[in-house]
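Data first, discussion second: the structure below is written as structure tokens.
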Amino acid sequence: MEKSKSQWEIELQTPPLLSESSNIEWMALVEKRLGKRRSIYKRYTMWAGSLAVIVMALIIIIVNEEHLRSLIPTWVTSQNTSQTHVVEGITIEQEAEIKISKKAALLGSAGEATIALINLPLIPEQDYTGYLGIWDANGKLLQKFVVEGYNIMNPVQIHVEDITGDGHPDIVLETDEHANGGLGVHVLHLYVKDNDQYVEAPLPDEVNSNYIVAFRSASNDFRMTSVQDKRQWTIQLTTDHLKQLAPNLLTQTSPVNVDPISSIAIQNNILTTKRLIWFGNLQLNSLAILETSYRFEENKWTIQSYSLENIDKSSIVTEVK
């Protein structure tokens, strides 16, 4: 059976054998037909390749959507997708709320600035998020610092004082996590002036926290020792307090627990924190208050000193000299 011909082959005429010019025209027509077919093939191949790349890119984006979204700070996405409105003279995101604010002379002759803790709308399955912002006298946002966690819901105070001693006011945001069974857990966010901007300057993690305590039946008190520098204290608990202690705490040497910060004080370029000290398995077994003082030197906080204090109506603490 004779093979059927393509349309382009049918349209071609067999070249006359005796005419050289007809031969040339026929060959030119063949080349033109073949060139057209190659052009169409290349075009479709290029489109198919581009389409495959686009499809693969879409698949990657869909699969990694949650991961990519998690890389973007929540407050950035909220700010970009929300409208703003004016509250208490400052411009904030729509549906955001001011948890606490304070006016202070941060800008010199430019007028009073507003420092405020802003809570952004809660996003399902994400933690609380917001920021501490600084606005000028006209309500324009100048700087913002991300603040996250449940503590943003329970602000304690915004302190504006010159802690560093450089002549410029510094900012301390104090919030409360409402955690622990002791005196609470306060979170500090510290910002110091660096040229014309504020920068975050957190406290160091190091704190005198390695202590042991043992009961002395002869004097009916406890002897507590700092493993780090060998300082010692006697701690006398009330009779009722002693009766509530587990018997094993009176017959063995026990490690001491140091809670997170429960309160702060600022005076004479010194930042002082207080923490509860206790032992055993209950924070009700309180021994003393650890008071630590910090000074800002060479662009960082350093521990200047620490001491132990009485717990009102619970313990009497005396350092052994």
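By convention here, the chains of the structure tokens are called A, B, ... in the order presented, each chain's residues are numbered starting at 1, and ligands are numbered starting at 1 in the order presented.
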
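Taking only C-alpha atoms, the non-local environment of range 136-145 of chain A within 7 Å (same-chain residues fewer than 2 positions away omitted) comprises Gly89, Ile90, Thr91, Gly111, Glu112, Ala113, Thr114, Tyr131, Leu132, Gly133, Ile134 and Val147 of chain A.
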
Requested write-out: all heavy atoms of the selected residues, as a tab-separated table (two decimals), in the first residue's frame:
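Ended up saving to selection.tsv:
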```tsv
chain	number	residue	atom	x	y	z
A	89	GLY	N	-3.86	60.42	69.83
A	89	GLY	CA	-2.92	61.29	69.13
A	89	GLY	C	-1.81	60.61	68.37
A	89	GLY	O	-0.95	61.27	67.80
A	90	ILE	N	-1.79	59.27	68.34
A	90	ILE	CA	-0.74	58.56	67.60
A	90	ILE	C	-1.40	57.63	66.57
A	90	ILE	O	-2.52	57.17	66.75
A	90	ILE	CB	0.18	57.74	68.52
A	90	ILE	CG1	-0.62	56.67	69.28
A	90	ILE	CG2	0.91	58.65	69.49
A	90	ILE	CD1	0.24	55.76	70.14
A	91	THR	N	-0.69	57.37	65.48
A	91	THR	CA	-1.20	56.53	64.40
A	91	THR	C	-0.77	55.09	64.62
A	91	THR	O	0.43	54.80	64.68
A	91	THR	CB	-0.68	57.03	63.05
A	91	THR	OG1	-1.08	58.39	62.86
A	91	THR	CG2	-1.24	56.18	61.92
A	111	GLY	N	9.77	68.66	70.92
A	111	GLY	CA	8.53	68.44	71.64
A	111	GLY	C	8.47	67.08	72.29
A	111	GLY	O	9.37	66.25	72.13
A	112	GLU	N	7.40	66.88	73.05
A	112	GLU	CA	7.24	65.62	73.78
A	112	GLU	C	6.98	64.46	72.83
A	112	GLU	O	6.21	64.56	71.89
A	112	GLU	CB	6.08	65.72	74.77
A	112	GLU	CG	6.49	66.25	76.13
A	112	GLU	CD	5.40	66.00	77.15
A	112	GLU	OE1	4.23	65.92	76.77
A	112	GLU	OE2	5.74	65.89	78.34
A	113	ALA	N	7.63	63.35	73.12
A	113	ALA	CA	7.38	62.11	72.37
A	113	ALA	C	6.40	61.25	73.15
A	113	ALA	O	6.20	61.43	74.35
A	113	ALA	CB	8.68	61.35	72.15
A	114	THR	N	5.78	60.32	72.45
A	114	THR	CA	4.89	59.35	73.08
A	114	THR	C	5.52	57.97	72.94
A	114	THR	O	5.89	57.56	71.84
A	114	THR	CB	3.50	59.34	72.43
A	114	THR	OG1	2.91	60.63	72.57
A	114	THR	CG2	2.60	58.31	73.10
A	131	TYR	N	4.38	45.70	69.65
A	131	TYR	CA	5.64	46.44	69.60
A	131	TYR	C	5.60	47.63	70.55
A	131	TYR	O	4.53	48.12	70.93
A	131	TYR	CB	5.94	46.92	68.17
A	131	TYR	CG	4.90	47.83	67.58
A	131	TYR	CD1	4.99	49.22	67.72
A	131	TYR	CD2	3.81	47.33	66.86
A	131	TYR	CE1	4.04	50.07	67.17
A	131	TYR	CE2	2.85	48.17	66.31
A	131	TYR	CZ	2.98	49.54	66.47
A	131	TYR	OH	2.03	50.38	65.93
A	132	LEU	N	6.78	48.04	70.95
A	132	LEU	CA	6.93	49.30	71.67
A	132	LEU	C	7.32	50.35	70.64
A	132	LEU	O	8.31	50.16	69.92
A	132	LEU	CB	8.00	49.19	72.75
A	132	LEU	CG	8.16	50.46	73.59
A	132	LEU	CD1	7.04	50.55	74.62
A	132	LEU	CD2	9.51	50.49	74.30
A	133	GLY	N	6.54	51.40	70.54
A	133	GLY	CA	6.80	52.42	69.54
A	133	GLY	C	7.12	53.77	70.15
A	133	GLY	O	6.76	54.05	71.30
A	134	ILE	N	7.80	54.59	69.36
A	134	ILE	CA	8.10	55.98	69.74
A	134	ILE	C	7.53	56.88	68.66
A	134	ILE	O	7.86	56.74	67.48
A	134	ILE	CB	9.63	56.21	69.87
A	134	ILE	CG1	10.23	55.23	70.89
A	134	ILE	CG2	9.92	57.65	70.26
A	134	ILE	CD1	11.75	55.31	70.97
A	147	VAL	N	7.70	43.24	70.38
A	147	VAL	CA	7.50	42.66	71.71
A	147	VAL	C	6.54	41.49	71.53
A	147	VAL	O	5.47	41.65	70.95
A	147	VAL	CB	6.92	43.67	72.71
A	147	VAL	CG1	6.69	43.01	74.06
A	147	VAL	CG2	7.85	44.88	72.85
```

With only C-alpha atoms as the counted atoms, please give the residues lying no more than 7 Å from Leu237 in chain A, apart from itself and same-chain residues fewer than 3 positions off, as an MDAnalysis selection string. chainID A and resid 221 241:242 314:316

Based on the backbone DSSP call, show me all residues of range 189-297 of chain A assigned helix (DSSP H, G or I), as number ranges by chain. A: 239-243, 247-250

Let's see if you can do this: from backbone DSSP, list all strand (DSSP E or B) residues in range 115-228 of chain A, as a VMD selection string. chain A and resid 115 to 119 129 to 135 141 to 148 155 to 161 170 to 176 186 to 194 197 to 200 211 to 216 221 to 226

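When only C-alpha atoms are used to measure the gap to Tyr211 in chain A, the shortest distance among A:Gly165, A:Pro255, A:Gly149, A:Gly108 belongs to A:Pro255.
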
The residue from A:Ala288, A:Asp127, A:Ile98, A:Asn299 with the smallest atom-to-atom distance to Asp312 in chain A, counting only C-alpha atoms, is A:Ala288

I'd like the neighbourhood of range 270-273 of chain A as a compact mmCIF listing (two decimals) with C-alpha atoms, in the first residue's frame, where a residue qualifies if any of its atoms comes within 7 Å (using only C-alpha atoms), though same-chain residues fewer than 6 positions away should be ignored.
```txt
# COMPACT_ATOMS: atom_id res chain seq x y z
CA ILE A 163 20.10 54.96 83.52
CA ILE A 261 12.78 39.00 88.05
CA SER A 263 10.36 43.77 90.41
CA ILE A 264 12.85 46.51 89.53
CA GLU A 291 18.72 41.96 94.93
CA THR A 292 21.11 42.54 91.99
CA SER A 293 22.36 45.93 90.78
CA TYR A 294 23.42 46.62 87.20
CA ARG A 295 25.31 49.49 85.60
```

Write out as number ranges by chain the residues lying within 8 Å of Leu190 in chain A, counting only C-alpha atoms and excluding same-chain residues fewer than 4 positions away. A: 170-173, 200-203

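From CA of Asp205 in chain A back to CA of Val192 in chain A, the distance works out to 18.2 Å.
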
Would you mind listing what lies within 12 Å of range 224-235 of chain A as an mmCIF file with N, CA, C and O atoms, in the first residue's frame, with only C-alpha atoms counted and same-chain residues fewer than 2 positions away left out?
```cif
data_model
loop_
_atom_site.group_PDB
_atom_site.id
_atom_site.type_symbol
_atom_site.label_atom_id
_atom_site.label_comp_id
_atom_site.auth_asym_id
_atom_site.auth_seq_id
_atom_site.Cartn_x
_atom_site.Cartn_y
_atom_site.Cartn_z
ATOM 1 N N GLU A 206 23.838 36.072 82.968
ATOM 2 C CA GLU A 206 24.546 35.673 84.169
ATOM 3 C C GLU A 206 23.960 36.358 85.401
ATOM 4 O O GLU A 206 23.705 37.554 85.410
ATOM 5 N N VAL A 207 23.720 35.592 86.437
ATOM 6 C CA VAL A 207 23.250 36.130 87.706
ATOM 7 C C VAL A 207 23.720 35.168 88.793
ATOM 8 O O VAL A 207 23.851 33.974 88.570
ATOM 9 N N ASN A 208 24.050 35.719 89.957
ATOM 10 C CA ASN A 208 24.500 34.861 91.064
ATOM 11 C C ASN A 208 23.351 33.957 91.487
ATOM 12 O O ASN A 208 22.458 34.366 92.221
ATOM 13 N N SER A 209 23.356 32.727 91.020
ATOM 14 C CA SER A 209 22.200 31.864 91.232
ATOM 15 C C SER A 209 22.537 30.478 91.753
ATOM 16 O O SER A 209 21.660 29.636 91.871
ATOM 17 N N ASN A 210 23.806 30.230 92.070
ATOM 18 C CA ASN A 210 24.199 28.893 92.520
ATOM 19 C C ASN A 210 24.431 28.919 94.029
ATOM 20 O O ASN A 210 25.480 29.339 94.517
ATOM 21 N N TYR A 211 23.414 28.448 94.783
ATOM 22 C CA TYR A 211 23.483 28.452 96.242
ATOM 23 C C TYR A 211 23.082 27.085 96.779
ATOM 24 O O TYR A 211 22.332 26.336 96.132
ATOM 25 N N ILE A 212 23.558 26.791 98.004
ATOM 26 C CA ILE A 212 23.086 25.616 98.739
ATOM 27 C C ILE A 212 22.697 26.064 100.143
ATOM 28 O O ILE A 212 23.204 27.072 100.662
ATOM 29 N N VAL A 213 21.789 25.318 100.754
ATOM 30 C CA VAL A 213 21.298 25.690 102.074
ATOM 31 C C VAL A 213 21.159 24.430 102.933
ATOM 32 O O VAL A 213 20.838 23.347 102.421
ATOM 33 N N ALA A 214 21.442 24.575 104.229
ATOM 34 C CA ALA A 214 21.320 23.449 105.155
ATOM 35 C C ALA A 214 20.784 23.959 106.490
ATOM 36 O O ALA A 214 21.143 25.065 106.942
ATOM 37 N N PHE A 215 19.938 23.140 107.125
ATOM 38 C CA PHE A 215 19.358 23.524 108.418
ATOM 39 C C PHE A 215 20.343 23.192 109.540
ATOM 40 O O PHE A 215 20.981 22.135 109.541
ATOM 41 N N ARG A 216 20.443 24.108 110.516
ATOM 42 C CA ARG A 216 21.303 23.897 111.687
ATOM 43 C C ARG A 216 20.397 23.792 112.916
ATOM 44 O O ARG A 216 19.841 24.801 113.371
ATOM 45 N N SER A 219 21.146 26.019 116.232
ATOM 46 C CA SER A 219 20.729 27.428 116.261
ATOM 47 C C SER A 219 19.336 27.640 115.671
ATOM 48 O O SER A 219 18.853 28.772 115.589
ATOM 49 N N ASN A 220 18.727 26.538 115.218
ATOM 50 C CA ASN A 220 17.372 26.583 114.658
ATOM 51 C C ASN A 220 17.255 27.570 113.487
ATOM 52 O O ASN A 220 16.278 28.313 113.368
ATOM 53 N N ASP A 221 18.259 27.566 112.633
ATOM 54 C CA ASP A 221 18.237 28.431 111.447
ATOM 55 C C ASP A 221 18.894 27.709 110.274
ATOM 56 O O ASP A 221 19.378 26.585 110.415
ATOM 57 N N PHE A 222 18.924 28.370 109.144
ATOM 58 C CA PHE A 222 19.535 27.810 107.940
ATOM 59 C C PHE A 222 20.824 28.567 107.639
ATOM 60 O O PHE A 222 20.930 29.780 107.880
ATOM 61 N N LEU A 237 13.686 31.331 109.799
ATOM 62 C CA LEU A 237 12.291 31.326 109.387
ATOM 63 C C LEU A 237 11.386 31.358 110.611
ATOM 64 O O LEU A 237 11.787 30.979 111.716
ATOM 65 N N THR A 238 10.165 31.785 110.433
ATOM 66 C CA THR A 238 9.203 31.814 111.528
ATOM 67 C C THR A 238 8.846 30.373 111.940
ATOM 68 O O THR A 238 9.021 29.427 111.160
ATOM 69 N N LEU A 242 8.542 26.987 109.584
ATOM 70 C CA LEU A 242 9.322 25.768 109.781
ATOM 71 C C LEU A 242 8.431 24.534 109.850
ATOM 72 O O LEU A 242 8.772 23.465 109.329
ATOM 73 N N THR A 253 21.406 18.819 102.908
ATOM 74 C CA THR A 253 21.796 20.034 102.187
ATOM 75 C C THR A 253 21.024 20.079 100.881
ATOM 76 O O THR A 253 20.974 19.083 100.146
ATOM 77 N N SER A 254 20.418 21.225 100.579
ATOM 78 C CA SER A 254 19.546 21.332 99.407
ATOM 79 C C SER A 254 20.015 22.439 98.473
ATOM 80 O O SER A 254 20.520 23.485 98.936
ATOM 81 N N PRO A 255 19.855 22.234 97.169
ATOM 82 C CA PRO A 255 20.123 23.342 96.238
ATOM 83 C C PRO A 255 19.033 24.396 96.356
ATOM 84 O O PRO A 255 17.911 24.100 96.770
ATOM 85 N N VAL A 256 19.372 25.609 95.976
ATOM 86 C CA VAL A 256 18.452 26.749 96.090
ATOM 87 C C VAL A 256 17.990 27.156 94.698
ATOM 88 O O VAL A 256 18.773 27.159 93.745
ATOM 89 N N ASN A 257 16.720 27.478 94.582
ATOM 90 C CA ASN A 257 16.150 27.948 93.310
ATOM 91 C C ASN A 257 16.057 29.463 93.306
ATOM 92 O O ASN A 257 15.697 30.085 94.319
ATOM 93 N N ILE A 277 14.121 33.732 96.248
ATOM 94 C CA ILE A 277 14.966 32.556 96.457
ATOM 95 C C ILE A 277 14.188 31.561 97.321
ATOM 96 O O ILE A 277 13.628 31.927 98.350
ATOM 97 N N TRP A 278 14.155 30.287 96.913
ATOM 98 C CA TRP A 278 13.419 29.270 97.659
ATOM 99 C C TRP A 278 14.074 27.909 97.471
ATOM 100 O O TRP A 278 15.004 27.772 96.673
ATOM 101 N N PHE A 279 13.623 26.904 98.198
ATOM 102 C CA PHE A 279 14.200 25.563 98.072
ATOM 103 C C PHE A 279 13.116 24.510 98.218
ATOM 104 O O PHE A 279 11.963 24.813 98.532
ATOM 105 N N SER A 286 10.037 29.815 100.845
ATOM 106 C CA SER A 286 10.838 30.990 100.492
ATOM 107 C C SER A 286 11.910 31.253 101.545
ATOM 108 O O SER A 286 11.660 31.129 102.747
ATOM 109 N N LEU A 287 13.081 31.640 101.075
ATOM 110 C CA LEU A 287 14.203 31.908 101.972
ATOM 111 C C LEU A 287 14.560 33.391 102.043
ATOM 112 O O LEU A 287 14.760 33.941 103.126
ATOM 113 N N ALA A 288 14.657 34.034 100.877
ATOM 114 C CA ALA A 288 15.121 35.426 100.851
ATOM 115 C C ALA A 288 14.785 36.066 99.510
ATOM 116 O O ALA A 288 14.263 35.407 98.603
ATOM 117 N N ILE A 289 15.121 37.338 99.404
ATOM 118 C CA ILE A 289 15.010 38.081 98.148
ATOM 119 C C ILE A 289 16.421 38.403 97.663
ATOM 120 O O ILE A 289 17.228 38.982 98.408
ATOM 121 N N LEU A 290 16.734 38.010 96.434
ATOM 122 C CA LEU A 290 18.029 38.335 95.830
ATOM 123 C C LEU A 290 17.916 39.672 95.118
ATOM 124 O O LEU A 290 17.106 39.836 94.207
ATOM 125 N N TYR A 306 25.419 42.354 94.545
ATOM 126 C CA TYR A 306 24.174 41.670 94.880
ATOM 127 C C TYR A 306 24.122 41.457 96.389
ATOM 128 O O TYR A 306 25.150 41.453 97.085
ATOM 129 N N SER A 307 22.940 41.296 96.905
ATOM 130 C CA SER A 307 22.746 41.069 98.335
ATOM 131 C C SER A 307 21.450 40.306 98.547
ATOM 132 O O SER A 307 20.632 40.191 97.630
ATOM 133 N N LEU A 308 21.260 39.775 99.756
ATOM 134 C CA LEU A 308 20.032 39.078 100.118
ATOM 135 C C LEU A 308 19.251 39.902 101.126
ATOM 136 O O LEU A 308 19.841 40.519 102.024
ATOM 137 N N GLU A 309 17.930 39.912 100.972
ATOM 138 C CA GLU A 309 17.060 40.685 101.854
ATOM 139 C C GLU A 309 16.051 39.772 102.543
ATOM 140 O O GLU A 309 15.767 38.667 102.084
ATOM 141 N N ASN A 310 15.493 40.294 103.645
ATOM 142 C CA ASN A 310 14.427 39.582 104.345
ATOM 143 C C ASN A 310 13.186 39.493 103.473
ATOM 144 O O ASN A 310 12.951 40.327 102.607
ATOM 145 N N ILE A 311 12.383 38.470 103.746
ATOM 146 C CA ILE A 311 11.030 38.411 103.205
ATOM 147 C C ILE A 311 10.100 38.834 104.333
ATOM 148 O O ILE A 311 10.128 38.255 105.422
ATOM 149 N N SER A 314 8.339 36.601 107.071
ATOM 150 C CA SER A 314 8.644 35.211 106.732
ATOM 151 C C SER A 314 10.069 34.810 107.084
ATOM 152 O O SER A 314 10.295 33.709 107.575
ATOM 153 N N SER A 315 11.043 35.690 106.837
ATOM 154 C CA SER A 315 12.438 35.316 107.081
ATOM 155 C C SER A 315 13.260 36.514 107.525
ATOM 156 O O SER A 315 12.960 37.668 107.196
ATOM 157 N N ILE A 316 14.327 36.204 108.278
ATOM 158 C CA ILE A 316 15.302 37.217 108.682
ATOM 159 C C ILE A 316 16.654 36.756 108.144
ATOM 160 O O ILE A 316 17.137 35.665 108.495
ATOM 161 N N VAL A 317 17.262 37.585 107.305
ATOM 162 C CA VAL A 317 18.504 37.209 106.619
ATOM 163 C C VAL A 317 19.652 38.046 107.144
ATOM 164 O O VAL A 317 19.564 39.281 107.230
ATOM 165 N N THR A 318 20.751 37.385 107.510
ATOM 166 C CA THR A 318 21.939 38.078 108.015
ATOM 167 C C THR A 318 23.164 37.515 107.327
ATOM 168 O O THR A 318 23.389 36.291 107.353
ATOM 169 N N GLU A 319 23.974 38.365 106.718
ATOM 170 C CA GLU A 319 25.194 37.878 106.075
ATOM 171 C C GLU A 319 26.274 37.593 107.125
ATOM 172 O O GLU A 319 26.455 38.353 108.066
ATOM 173 N N VAL A 320 26.983 36.499 106.931
ATOM 174 C CA VAL A 320 28.056 36.115 107.815
ATOM 175 C C VAL A 320 29.343 36.787 107.342
ATOM 176 O O VAL A 320 29.805 36.525 106.219
ATOM 177 N N LYS A 321 29.906 37.651 108.162
ATOM 178 C CA LYS A 321 31.125 38.372 107.786
ATOM 179 C C LYS A 321 32.375 37.604 108.152
ATOM 180 O O LYS A 321 32.382 36.814 109.072
#
```

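Among A:Asn268, A:Asn281, A:Lys102, A:Tyr128, the residue with the shortest atom-to-atom distance to Asn248 in chain A, counting only C-alpha atoms, is A:Asn281.
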
Can you measure CA of Ile118 in chain A to CA of His168 in chain A for me? One decimal in Å is fine. 23.9 Å

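The space between CA of Leu106 in chain A and CA of Ser262 in chain A spans 27.6 Å.
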
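Nearest to Asp166 in chain A of all the residues A:His186, A:Lys193, A:Lys243, A:Lys103 is A:Lys193, counting only C-alpha atoms.
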